[in-house]
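model.csv (CSV, C-alpha atoms) appears below.
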chain,number,residue,atom,x,y,z
A,1,MET,CA,14.8,-5.7,-18.7
A,2,GLU,CA,18.1,-7.7,-18.7
A,3,ASN,CA,19.9,-9.3,-15.8
A,4,THR,CA,16.7,-10.6,-14.2
A,5,GLN,CA,18.7,-13.0,-12.1
A,6,GLN,CA,20.8,-10.4,-10.4
A,7,GLN,CA,18.6,-7.4,-9.7
A,8,ASP,CA,16.0,-7.5,-6.9
A,9,VAL,CA,14.1,-4.6,-8.4
A,10,LEU,CA,13.8,-3.7,-12.1
A,11,PHE,CA,13.0,-0.4,-13.7
A,12,ASN,CA,12.3,0.5,-17.3
A,13,VAL,CA,10.3,3.1,-19.3
A,14,GLU,CA,8.1,2.4,-22.3
A,15,ASN,CA,5.6,4.7,-24.0
A,16,GLY,CA,5.6,7.1,-21.0
A,17,VAL,CA,5.1,4.3,-18.5
A,18,GLY,CA,7.8,3.9,-15.8
A,19,ARG,CA,7.6,0.3,-14.6
A,20,ILE,CA,8.8,-0.9,-11.2
A,21,VAL,CA,9.1,-4.7,-10.9
A,22,LEU,CA,9.9,-6.3,-7.5
A,23,ASN,CA,12.1,-9.2,-8.6
A,24,ARG,CA,12.5,-11.6,-5.7
A,25,PRO,CA,9.8,-14.2,-6.7
A,26,LYS,CA,11.4,-17.0,-4.6
A,27,ALA,CA,11.1,-14.7,-1.5
A,28,LEU,CA,7.6,-13.6,-2.5
A,29,ASN,CA,9.2,-10.3,-3.6
A,30,ALA,CA,10.0,-9.3,0.1
A,31,LEU,CA,11.5,-5.8,0.4
A,32,SER,CA,15.0,-5.3,1.5
A,33,VAL,CA,16.3,-1.8,2.5
A,34,THR,CA,18.3,-1.7,-0.7
A,35,MET,CA,15.2,-2.3,-2.9
A,36,VAL,CA,13.2,0.4,-1.0
A,37,ASP,CA,16.1,2.9,-1.4
A,38,GLU,CA,16.3,2.2,-5.1
A,39,ILE,CA,12.6,2.6,-5.6
A,40,GLY,CA,12.6,5.9,-3.7
A,41,LYS,CA,15.4,7.2,-5.8
A,42,GLN,CA,13.8,6.1,-9.1
A,43,LEU,CA,10.5,7.7,-8.1
A,44,SER,CA,12.4,11.0,-7.5
A,45,ALA,CA,14.0,10.8,-10.9
A,46,TRP,CA,10.8,10.0,-12.7
A,47,GLU,CA,8.9,12.8,-10.9
A,48,ASN,CA,11.0,15.3,-12.9
A,49,ASP,CA,11.2,13.3,-16.1
A,50,ALA,CA,8.9,14.5,-18.9
A,51,GLN,CA,9.2,11.1,-20.6
A,52,VAL,CA,7.4,9.4,-17.6
A,53,THR,CA,3.7,10.2,-17.2
A,54,VAL,CA,2.4,7.0,-15.5
A,55,VAL,CA,4.2,4.7,-13.0
A,56,THR,CA,3.3,1.0,-12.4
A,57,VAL,CA,4.3,-1.3,-9.5
A,58,GLU,CA,4.2,-5.1,-9.8
A,59,GLY,CA,5.7,-8.2,-8.5
A,60,ALA,CA,7.7,-10.8,-10.5
A,61,GLY,CA,6.4,-14.4,-10.6
A,62,GLU,CA,2.9,-15.8,-10.2
A,63,LYS,CA,2.4,-15.6,-6.4
A,64,GLY,CA,1.9,-11.9,-5.8
A,65,LEU,CA,3.1,-8.3,-5.4
A,66,CYS,CA,5.0,-8.5,-2.2
A,67,ALA,CA,4.9,-10.4,1.1
A,68,GLY,CA,6.3,-7.5,3.1
A,69,GLY,CA,9.6,-6.2,4.5
A,70,ASP,CA,12.6,-8.2,5.7
A,71,MET,CA,11.8,-8.4,9.4
A,72,ARG,CA,14.1,-11.3,10.0
A,73,SER,CA,17.0,-8.9,9.5
A,74,PHE,CA,16.1,-7.2,12.8
A,75,TYR,CA,16.3,-10.5,14.7
A,76,ASP,CA,19.7,-11.2,13.2
A,77,LYS,CA,21.0,-7.8,14.3
A,78,LYS,CA,19.4,-7.7,17.7
A,79,ASP,CA,22.7,-7.7,19.5
A,80,ASP,CA,24.6,-5.7,16.9
A,81,ASN,CA,23.6,-2.1,16.2
A,82,VAL,CA,19.9,-2.9,15.7
A,83,GLU,CA,18.9,0.7,16.3
A,84,GLU,CA,21.2,1.9,13.5
A,85,HIS,CA,19.7,-0.7,11.2
A,86,ALA,CA,16.1,0.3,12.2
A,87,VAL,CA,16.7,4.0,11.6
A,88,ASN,CA,18.1,3.2,8.2
A,89,PHE,CA,15.5,0.6,7.2
A,90,PHE,CA,12.3,2.4,8.5
A,91,GLY,CA,13.6,5.9,7.6
A,92,ILE,CA,14.1,4.8,4.0
A,93,GLU,CA,10.9,2.8,3.8
A,94,TYR,CA,8.5,5.3,5.4
A,95,ARG,CA,10.0,8.1,3.3
A,96,MET,CA,9.3,6.1,0.2
A,97,ASN,CA,5.7,5.3,1.4
A,98,LEU,CA,5.1,9.0,2.0
A,99,GLN,CA,6.6,9.8,-1.4
A,100,MET,CA,4.1,7.5,-3.1
A,101,TYR,CA,1.3,9.2,-1.1
A,102,ARG,CA,2.2,12.6,-2.4
A,103,TYR,CA,3.3,11.5,-5.9
A,104,PRO,CA,2.1,14.0,-8.6
A,105,LYS,CA,1.9,11.4,-11.4
A,106,PRO,CA,-0.6,8.5,-11.3
A,107,ILE,CA,0.8,5.3,-9.9
A,108,VAL,CA,-0.9,2.0,-10.8
A,109,ALA,CA,-0.4,-0.9,-8.2
A,110,TYR,CA,-1.0,-4.4,-9.5
A,111,MET,CA,-2.2,-6.1,-6.3
A,112,ASN,CA,-2.7,-9.7,-7.6
A,113,GLY,CA,-1.9,-12.6,-5.3
A,114,ILE,CA,-0.1,-11.9,-2.0
A,115,VAL,CA,0.0,-8.3,-0.7
A,116,MET,CA,1.1,-8.1,2.9
A,117,GLY,CA,2.6,-5.6,5.3
A,118,GLY,CA,5.3,-3.7,3.4
A,119,GLY,CA,3.5,-4.9,0.2
A,120,VAL,CA,0.4,-3.0,1.3
A,121,GLY,CA,2.7,0.0,2.0
A,122,ILE,CA,4.0,0.0,-1.5
A,123,SER,CA,0.6,-0.2,-3.1
A,124,ILE,CA,-2.1,1.4,-0.8
A,125,PHE,CA,-1.0,5.0,-1.6
A,126,ALA,CA,-1.2,4.4,-5.4
A,127,ALA,CA,-3.7,6.4,-7.4
A,128,GLU,CA,-5.1,3.3,-9.1
A,129,ARG,CA,-5.1,0.0,-7.1
A,130,ILE,CA,-6.1,-3.2,-8.9
A,131,VAL,CA,-7.1,-6.5,-7.2
A,132,THR,CA,-8.4,-9.8,-8.5
A,133,GLU,CA,-10.1,-12.9,-7.1
A,134,ARG,CA,-6.5,-14.2,-6.4
A,135,SER,CA,-5.6,-11.2,-4.2
A,136,LYS,CA,-4.7,-12.0,-0.5
A,137,LEU,CA,-4.1,-9.0,1.6
A,138,SER,CA,-3.2,-8.4,5.3
A,139,MET,CA,-1.4,-6.3,7.8
A,140,PRO,CA,0.2,-9.3,9.6
A,141,GLU,CA,2.5,-7.5,11.9
A,142,MET,CA,0.5,-8.5,15.0
A,143,ASN,CA,1.7,-12.1,14.3
A,144,ILE,CA,5.3,-11.1,15.1
A,145,GLY,CA,4.6,-8.8,18.0
A,146,PHE,CA,5.1,-5.7,15.9
A,147,PHE,CA,2.5,-3.0,14.8
A,148,PRO,CA,0.8,-2.2,11.5
A,149,ASP,CA,3.3,0.3,10.1
A,150,VAL,CA,4.0,1.7,6.6
A,151,GLY,CA,1.2,4.3,7.2
A,152,GLY,CA,-1.3,1.9,8.9
A,153,SER,CA,-2.0,4.7,11.4
A,154,TYR,CA,-3.4,6.7,8.5
A,155,PHE,CA,-4.9,4.3,6.0
A,156,MET,CA,-6.4,1.9,8.5
A,157,ASN,CA,-8.3,4.8,9.9
A,158,GLN,CA,-9.8,5.5,6.4
A,159,MET,CA,-11.6,2.1,6.5
A,160,PRO,CA,-15.3,1.8,7.3
A,161,GLY,CA,-16.2,2.1,11.0
A,162,HIS,CA,-13.7,0.3,13.2
A,163,MET,CA,-12.6,-2.2,10.6
A,164,GLY,CA,-9.1,-0.9,10.7
A,165,ARG,CA,-8.8,-1.7,14.4
A,166,TYR,CA,-10.2,-5.2,13.8
A,167,LEU,CA,-7.7,-5.9,10.9
A,168,ALA,CA,-4.8,-4.4,12.9
A,169,LEU,CA,-5.4,-6.5,16.0
A,170,THR,CA,-6.4,-9.8,14.4
A,171,ALA,CA,-4.0,-9.6,11.3
A,172,HIS,CA,-7.0,-11.0,9.4
A,173,LEU,CA,-6.3,-12.1,5.8
A,174,PHE,CA,-8.8,-10.5,3.4
A,175,ASN,CA,-9.5,-10.8,-0.3
A,176,GLY,CA,-9.9,-8.5,-3.3
A,177,ALA,CA,-13.6,-8.0,-2.8
A,178,ASP,CA,-12.9,-7.0,0.8
A,179,ALA,CA,-10.2,-4.6,-0.4
A,180,ILE,CA,-12.7,-2.9,-2.6
A,181,TYR,CA,-15.2,-2.6,0.3
A,182,LEU,CA,-12.5,-1.3,2.6
A,183,GLY,CA,-11.4,1.4,0.1
A,184,ALA,CA,-8.0,-0.3,0.0
A,185,ALA,CA,-8.4,-0.9,-3.8
A,186,ASP,CA,-10.1,0.8,-6.7
A,187,HIS,CA,-10.7,-1.8,-9.4
A,188,TYR,CA,-11.7,-5.5,-9.3
A,189,ILE,CA,-10.5,-7.3,-12.4
A,190,GLU,CA,-10.7,-11.0,-13.2
A,191,SER,CA,-7.2,-12.5,-13.3
A,192,THR,CA,-7.9,-13.9,-16.8
A,193,SER,CA,-7.8,-10.2,-18.0
A,194,TRP,CA,-4.6,-9.4,-16.1
A,195,ASP,CA,-2.0,-9.8,-18.8
A,196,ALA,CA,-4.2,-8.1,-21.4
A,197,LEU,CA,-4.7,-5.1,-19.1
A,198,LYS,CA,-1.0,-4.8,-18.4
A,199,ALA,CA,-0.2,-5.1,-22.1
A,200,ASP,CA,-2.8,-2.5,-23.0
A,201,ILE,CA,-1.4,0.1,-20.6
A,202,VAL,CA,2.1,-0.3,-21.9
A,203,ALA,CA,1.0,-0.4,-25.6
A,204,ARG,CA,-0.5,3.1,-25.4
A,205,ASP,CA,1.7,6.2,-25.6
A,206,TRP,CA,1.2,8.2,-22.4
A,207,THR,CA,4.1,10.5,-23.1
A,208,GLN,CA,3.3,14.1,-22.0
A,209,LYS,CA,-0.4,13.4,-21.9
A,210,ALA,CA,-2.1,16.2,-19.9
A,211,ASP,CA,-5.2,14.0,-19.2
A,212,ALA,CA,-3.3,10.8,-18.4
A,213,ALA,CA,-4.9,10.3,-15.0
A,214,GLU,CA,-8.5,10.4,-16.4
A,215,GLU,CA,-7.6,8.3,-19.5
A,216,LEU,CA,-5.9,5.7,-17.3
A,217,ARG,CA,-9.0,5.5,-15.0
A,218,MET,CA,-11.3,5.0,-18.0
A,219,LEU,CA,-9.0,2.3,-19.3
A,220,LEU,CA,-9.0,0.4,-16.0
A,221,GLN,CA,-12.8,0.7,-15.7
A,222,LYS,CA,-13.1,-1.0,-19.1
A,223,TYR,CA,-11.5,-4.1,-17.6
A,224,ALA,CA,-13.1,-3.9,-14.2
A,225,VAL,CA,-16.0,-6.1,-13.1
A,226,THR,CA,-18.3,-5.8,-10.1
A,227,ALA,CA,-16.6,-7.3,-7.0
A,228,PRO,CA,-18.4,-10.1,-5.2
A,229,ALA,CA,-19.9,-9.4,-1.8
A,230,SER,CA,-17.4,-8.7,0.9
A,231,SER,CA,-17.3,-11.1,3.9
A,232,LEU,CA,-16.0,-8.1,6.0
A,233,ALA,CA,-19.1,-6.0,5.1
A,234,ALA,CA,-21.2,-8.8,6.5
A,235,VAL,CA,-19.6,-8.4,10.0
A,236,GLN,CA,-19.2,-4.6,9.9
A,237,GLU,CA,-21.9,-4.0,12.5
A,238,LYS,CA,-20.3,-6.5,14.9
A,239,VAL,CA,-16.8,-5.1,14.4
A,240,ASP,CA,-18.1,-1.6,15.1
A,241,ALA,CA,-19.9,-2.7,18.3
A,242,HIS,CA,-16.9,-4.6,19.8
A,243,PHE,CA,-13.9,-2.6,18.5
A,244,ALA,CA,-15.4,0.8,19.5
A,245,HIS,CA,-13.9,0.2,22.9
A,246,GLU,CA,-10.6,2.0,23.5
A,247,SER,CA,-8.8,-0.8,25.4
A,248,VAL,CA,-8.0,-4.4,24.4
A,249,VAL,CA,-9.4,-5.5,27.8
A,250,ASP,CA,-12.7,-3.9,27.0
A,251,ILE,CA,-12.8,-5.3,23.4
A,252,LEU,CA,-12.2,-8.8,24.7
A,253,ALA,CA,-14.8,-8.4,27.4
A,254,SER,CA,-17.3,-7.3,24.8
A,255,LEU,CA,-16.5,-10.2,22.5
A,256,ASP,CA,-16.7,-12.7,25.5
A,257,ARG,CA,-20.2,-11.5,26.4
A,258,ALA,CA,-21.4,-12.0,22.8
A,259,ALA,CA,-19.7,-15.4,22.7
A,260,GLN,CA,-21.5,-16.5,25.8
A,261,GLU,CA,-24.7,-15.6,24.0
A,262,GLY,CA,-23.8,-17.9,21.1
A,263,ASP,CA,-22.0,-15.6,18.7
A,264,GLU,CA,-19.5,-17.9,17.0
A,265,TRP,CA,-17.8,-15.0,15.2
A,266,ALA,CA,-17.2,-13.2,18.5
A,267,GLN,CA,-15.8,-16.5,20.0
A,268,GLN,CA,-13.4,-17.0,17.1
A,269,THR,CA,-12.3,-13.3,17.2
A,270,ALA,CA,-11.6,-13.4,20.9
A,271,THR,CA,-9.7,-16.7,20.5
A,272,THR,CA,-7.6,-15.1,17.7
A,273,LEU,CA,-6.8,-12.0,19.8
A,274,ARG,CA,-5.7,-14.2,22.7
A,275,THR,CA,-2.9,-15.6,20.5
A,276,LYS,CA,-1.4,-12.2,19.9
A,277,SER,CA,1.1,-10.2,21.9
A,278,PRO,CA,-0.8,-8.3,24.6
A,279,ILE,CA,1.6,-5.3,24.6
A,280,SER,CA,1.6,-5.1,20.8
A,281,MET,CA,-2.2,-5.1,20.6
A,282,ALA,CA,-2.5,-2.4,23.2
A,283,VAL,CA,0.1,-0.3,21.4
A,284,ALA,CA,-1.5,-0.8,18.0
A,285,LEU,CA,-4.9,0.2,19.3
A,286,GLU,CA,-3.4,3.4,20.8
A,287,GLN,CA,-1.6,4.0,17.5
A,288,LEU,CA,-4.9,4.0,15.6
A,289,ILE,CA,-6.7,6.1,18.2
A,290,ARG,CA,-3.9,8.7,17.9
A,291,GLY,CA,-3.6,8.4,14.1
A,292,LYS,CA,-7.3,9.2,13.6
A,293,GLN,CA,-6.5,12.9,14.2
A,294,MET,CA,-3.2,13.0,12.3
A,295,SER,CA,-1.9,13.9,8.8
A,296,ALA,CA,-0.2,11.2,6.8
A,297,ALA,CA,3.2,12.8,7.5
A,298,ASP,CA,2.6,13.0,11.2
A,299,CYS,CA,1.5,9.3,11.2
A,300,PHE,CA,4.8,8.3,9.7
A,301,CYS,CA,6.7,10.3,12.2
A,302,MET,CA,4.8,8.6,15.0
A,303,GLU,CA,5.4,5.2,13.5
A,304,MET,CA,9.2,6.0,13.2
A,305,ASP,CA,9.2,6.7,17.0
A,306,MET,CA,7.2,3.5,17.7
A,307,SER,CA,9.5,1.3,15.5
A,308,MET,CA,12.5,2.4,17.6
A,309,HIS,CA,10.8,1.3,20.8
A,310,PHE,CA,9.9,-2.0,19.3
A,311,MET,CA,13.7,-2.6,18.8
A,312,HIS,CA,13.8,-3.0,22.6
A,313,SER,CA,10.5,-5.0,22.9
A,314,HIS,CA,10.8,-8.7,24.1
A,315,ASP,CA,7.6,-9.6,22.2
A,316,PHE,CA,8.9,-8.3,18.8
A,317,TYR,CA,12.0,-10.6,18.9
A,318,GLU,CA,9.9,-13.5,20.3
A,319,GLY,CA,7.3,-13.0,17.6
A,320,VAL,CA,9.9,-13.0,14.8
A,321,ARG,CA,11.6,-16.0,16.4
A,322,SER,CA,8.3,-18.0,16.5
A,323,VAL,CA,7.2,-17.1,12.9
A,324,LEU,CA,10.4,-16.5,10.9
A,325,VAL,CA,13.3,-18.2,12.7
A,326,ASP,CA,12.3,-21.4,14.6
A,327,LYS,CA,8.8,-21.3,12.9
A,328,ASP,CA,7.2,-23.1,15.9
A,329,ARG,CA,4.3,-20.7,16.0
A,330,ASN,CA,4.5,-20.9,19.8
A,331,PRO,CA,5.5,-17.5,21.1
A,332,LYS,CA,5.9,-16.8,24.8
A,333,TRP,CA,4.6,-13.3,25.2
A,334,ASN,CA,5.6,-11.1,28.2
A,335,PRO,CA,3.4,-9.9,29.7
A,336,ALA,CA,1.2,-12.9,29.0
A,337,THR,CA,-2.2,-11.3,29.3
A,338,VAL,CA,-3.8,-8.0,28.3
A,339,GLU,CA,-4.7,-7.3,31.9
A,340,GLU,CA,-1.0,-7.1,32.8
A,341,VAL,CA,-0.3,-4.3,30.3
A,342,GLY,CA,-0.1,-1.0,32.1
A,343,ARG,CA,-1.0,2.4,30.6
A,344,GLU,CA,2.5,3.6,31.2
A,345,ASP,CA,3.8,0.6,29.2
A,346,VAL,CA,1.8,1.7,26.2
A,347,GLU,CA,2.6,5.4,26.4
A,348,ALA,CA,6.3,4.7,26.4
A,349,PHE,CA,6.1,3.5,22.8
A,350,PHE,CA,5.0,7.0,21.7
A,351,VAL,CA,7.8,9.0,23.3
A,352,SER,CA,10.0,10.2,20.5
A,353,PRO,CA,13.7,9.3,20.9
A,354,TRP,CA,14.6,12.5,19.0
A,355,ALA,CA,14.2,16.2,19.4
A,356,LYS,CA,11.7,17.5,16.8
A,357,GLU,CA,14.3,19.0,14.6
A,358,ASP,CA,16.5,15.9,14.7
A,359,HIS,CA,13.7,13.4,13.8
A,360,PRO,CA,14.7,11.3,10.7
A,361,LEU,CA,11.5,12.3,9.0
A,362,ALA,CA,11.6,16.0,10.2
A,363,ASN,CA,11.9,17.4,6.7
A,364,GLU,CA,9.4,15.2,5.0
Show how you would write the structure in this file as C-alpha cells.
Amino acid sequence: MENTQQQDVLFNVENGVGRIVLNRPKALNALSVTMVDEIGKQLSAWENDAQVTVVTVEGAGEKGLCAGGDMRSFYDKKDDNVEEHAVNFFGIEYRMNLQMYRYPKPIVAYMNGIVMGGGVGISIFAAERIVTERSKLSMPEMNIGFFPDVGGSYFMNQMPGHMGRYLALTAHLFNGADAIYLGAADHYIESTSWDALKADIVARDWTQKADAAEELRMLLQKYAVTAPASSLAAVQEKVDAHFAHESVVDILASLDRAAQEGDEWAQQTATTLRTKSPISMAVALEQLIRGKQMSAADCFCMEMDMSMHFMHSHDFYEGVRSVLVDKDRNPKWNPATVEEVGREDVEAFFVSPWAKEDHPLANE
C-alpha cells in the first residue's frame, strides 16, 4: 500500500480480502466526490473478481472511520453551478451506498472511533458492522440545516420504535452499545482486540470460499463481547411517546408538557430541537414518514430529489456557514420557528426536478 501521502483512498487485495482504506486522517477521513467515485468503481471491479471474496472498509489513523462528506464544498460553490456539483456528488454517493446495500459479497465495516453522516452511509449497509467502546456515531445533518441522507430514509426507519426520528431531528451522538441496540451494528468488540481481529481476517485465505459469509461471522463472534447497556434503550418509551407525532410542532408540544411535569430529558430534548432549523426538521420528519413505506432504491431517489431542493435552501447554507465556515455556531434560521413552517413549504422538497426516466438514479 504505497504512496500513502498522495492517495485519499487506498485499495489492495490479500488472501481474498479486498481492503478499502479511507486515507485522509487529518480530515477525519471525510469523503470527497473523487473518493466515493473510486470506491464505487472498485466495488464494481471486485464484484466480478474471483480473487476477492470478502471486502473490508476502514479509516486510516486513530480517530475513526469517517466524519462524513465534504459539505463545505457546496457552500463554496453556492454561486457557481452548485446544482451541477450536487447532481454529481449526491448521484455518485447515493449510487455507491445503494451498491453496498446490494453487494453480493460480505462487506466488513470497521466502525471504530468517529462514524458520522457519510461515514454511516459507507458502513451501515455492510454485512458485518463492528463497533467498540470508542465508537461515536451520529447523523449530524440537522446541525447544518440539511437532512439525514445516505439512505437515512431507509435505515433510520429500521431502528426500534421512533428512535430514527429522534436521532434525525436531534442529531444525537451515540456510542457502540447504542449502535448494537439500534441494529446499526452487529458486533461489539473491545478496542484492545481491534488489531488482532483485523490481522486475523487478512491472515486467513478467503479465496473462492463458498461459505465465506458464515465463516466470517463465526470469526467475528469469537472476538465479540456483550455490549454494555444502551442509554438509548433506557429512553425508548419516552422517544416513542413524543416522536409518534407527525409534526414537529406536536412533538415539541408533547415534550413541553412533559417538561412542565418535571421530565428533565424532555426539557433537554425540546431545548435541543429549538436550536435546529425549523424547515429542515419538518422536511426530515416528512422524509422518515414517507420512507417507512419505501424500498431502499426509492428512498435514495427521494433523497436525490430532496438534496437538489436543499441547494436552494437558505438554512442549508446558513447551517454550513455557522458550523463549517465561520464556526460561530450561531445560525439565523429562516423561518425562525416551527410554527412558521407551512405544509406547502415542506412538500416542495419532495417534488422531483426530473421526469421519472431522466432521474439520475433511474436505472439503479
What's the separation between atom CA of Lys63 of chain A and atom CA of Val21 of chain A, in Å to one decimal place?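 Value for the atom CA of Lys63 of chain A-atom CA of Val21 of chain A distance: 13.6 Å.
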Given all atoms listed in the file as the counted atoms, nearest of A:Thr275, A:Gln51, A:Thr56, A:Thr207 to Phe11 of chain A: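 With all atoms listed in the file as the atom set, the closest residue is A:Thr56.
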Go through segment 112-134 of chain A and flag each residue having an atom no more than 12 Å from segment 164-180 of chain A; for those, report the closest pair of atoms plus their distance in Å to one decimal, using all atoms listed in the file, ordered by chain and rising number, as JSON lines.
{"residue": "A:Asn112", "atom": "CA", "partner": "A:Gly176", "partner_atom": "CA", "distance": 8.5}
{"residue": "A:Gly113", "atom": "CA", "partner": "A:Gly176", "partner_atom": "CA", "distance": 9.2}
{"residue": "A:Ile114", "atom": "CA", "partner": "A:Asn175", "partner_atom": "CA", "distance": 9.6}
{"residue": "A:Val115", "atom": "CA", "partner": "A:Leu173", "partner_atom": "CA", "distance": 9.8}
{"residue": "A:Met116", "atom": "CA", "partner": "A:Leu173", "partner_atom": "CA", "distance": 8.9}
{"residue": "A:Gly117", "atom": "CA", "partner": "A:Ala171", "partner_atom": "CA", "distance": 9.8}
{"residue": "A:Val120", "atom": "CA", "partner": "A:Ala179", "partner_atom": "CA", "distance": 10.9}
{"residue": "A:Ser123", "atom": "CA", "partner": "A:Ala179", "partner_atom": "CA", "distance": 12.0}
{"residue": "A:Ile124", "atom": "CA", "partner": "A:Ala179", "partner_atom": "CA", "distance": 10.1}
{"residue": "A:Glu128", "atom": "CA", "partner": "A:Ile180", "partner_atom": "CA", "distance": 11.8}
{"residue": "A:Arg129", "atom": "CA", "partner": "A:Ile180", "partner_atom": "CA", "distance": 9.3}
{"residue": "A:Ile130", "atom": "CA", "partner": "A:Gly176", "partner_atom": "CA", "distance": 8.6}
{"residue": "A:Val131", "atom": "CA", "partner": "A:Gly176", "partner_atom": "CA", "distance": 5.2}
{"residue": "A:Thr132", "atom": "CA", "partner": "A:Gly176", "partner_atom": "CA", "distance": 5.6}
{"residue": "A:Glu133", "atom": "CA", "partner": "A:Gly176", "partner_atom": "CA", "distance": 5.8}
{"residue": "A:Arg134", "atom": "CA", "partner": "A:Gly176", "partner_atom": "CA", "distance": 7.3}
Neighbour residues at most 12 Å from (12.0, -5.0, 20.5) (only C-alpha atoms) as a PyMOL selection string: chain A and resi 71+74-75+77-79+82-83+86+144-147+279-280+306-321+334+349
Export C-alpha atoms of the chosen residues as a PDB file, keeping the file's coordinate frame?
ATOM      1  CA  MET A  71      11.800  -8.400   9.400  1.00  0.00           C
ATOM      2  CA  PHE A  74      16.100  -7.200  12.800  1.00  0.00           C
ATOM      3  CA  TYR A  75      16.300 -10.500  14.700  1.00  0.00           C
ATOM      4  CA  LYS A  77      21.000  -7.800  14.300  1.00  0.00           C
ATOM      5  CA  LYS A  78      19.400  -7.700  17.700  1.00  0.00           C
ATOM      6  CA  ASP A  79      22.700  -7.700  19.500  1.00  0.00           C
ATOM      7  CA  VAL A  82      19.900  -2.900  15.700  1.00  0.00           C
ATOM      8  CA  GLU A  83      18.900   0.700  16.300  1.00  0.00           C
ATOM      9  CA  ALA A  86      16.100   0.300  12.200  1.00  0.00           C
ATOM     10  CA  ILE A 144       5.300 -11.100  15.100  1.00  0.00           C
ATOM     11  CA  GLY A 145       4.600  -8.800  18.000  1.00  0.00           C
ATOM     12  CA  PHE A 146       5.100  -5.700  15.900  1.00  0.00           C
ATOM     13  CA  PHE A 147       2.500  -3.000  14.800  1.00  0.00           C
ATOM     14  CA  ILE A 279       1.600  -5.300  24.600  1.00  0.00           C
ATOM     15  CA  SER A 280       1.600  -5.100  20.800  1.00  0.00           C
ATOM     16  CA  MET A 306       7.200   3.500  17.700  1.00  0.00           C
ATOM     17  CA  SER A 307       9.500   1.300  15.500  1.00  0.00           C
ATOM     18  CA  MET A 308      12.500   2.400  17.600  1.00  0.00           C
ATOM     19  CA  HIS A 309      10.800   1.300  20.800  1.00  0.00           C
ATOM     20  CA  PHE A 310       9.900  -2.000  19.300  1.00  0.00           C
ATOM     21  CA  MET A 311      13.700  -2.600  18.800  1.00  0.00           C
ATOM     22  CA  HIS A 312      13.800  -3.000  22.600  1.00  0.00           C
ATOM     23  CA  SER A 313      10.500  -5.000  22.900  1.00  0.00           C
ATOM     24  CA  HIS A 314      10.800  -8.700  24.100  1.00  0.00           C
ATOM     25  CA  ASP A 315       7.600  -9.600  22.200  1.00  0.00           C
ATOM     26  CA  PHE A 316       8.900  -8.300  18.800  1.00  0.00           C
ATOM     27  CA  TYR A 317      12.000 -10.600  18.900  1.00  0.00           C
ATOM     28  CA  GLU A 318       9.900 -13.500  20.300  1.00  0.00           C
ATOM     29  CA  GLY A 319       7.300 -13.000  17.600  1.00  0.00           C
ATOM     30  CA  VAL A 320       9.900 -13.000  14.800  1.00  0.00           C
ATOM     31  CA  ARG A 321      11.600 -16.000  16.400  1.00  0.00           C
ATOM     32  CA  ASN A 334       5.600 -11.100  28.200  1.00  0.00           C
ATOM     33  CA  PHE A 349       6.100   3.500  22.800  1.00  0.00           C
TER      34      PHE A 349
END
Using all atoms listed in the file, which residue out of A:Ser135, A:Tyr223, A:Ala297, A:Ala284 lies closest to Lys198 of chain A?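 Looking at the shortest contact to Lys198 of chain A, the residue is A:Tyr223.
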Pick the closest to Met111 of chain A from A:Pro228, A:Pro335, A:Gly40, A:Gly59: which is it, counting all atoms listed in the file? A:Gly59
I want to know what sits within 12 Å of Glu340 of chain A, based on all atoms listed in the file, with residues of the same chain fewer than 2 positions away left out; could you give that as number ranges by chain? A: 248-249, 277-279, 282, 333-338, 342-346
Give the answer as one residue: which of A:Ala362, A:Val17, A:Leu285, A:Leu10 has the shortest atom-to-atom distance to Asp205 of chain A, using all atoms listed in the file?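 Selected residue with least distance to Asp205 of chain A: A:Val17.
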What gap, in Å, lies between atom CA of Lys136 of chain A and atom CA of Gly68 of chain A?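 Spanning atom CA of Lys136 of chain A to atom CA of Gly68 of chain A is a straight-line distance of 12.4 Å.
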Restricting the calculation to all atoms listed in the file, which member of A:Leu43, A:Ala196, A:Leu28, A:Met302 is positioned closest to Arg102 of chain A? A:Leu43
Name the closest residue to Trp265 of chain A among the candidates A:His242, A:Arg19, A:Arg72, A:His162; distances are taken between atoms, counting only C-alpha atoms.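 Closest to Trp265 of chain A of all the choices is A:His242.
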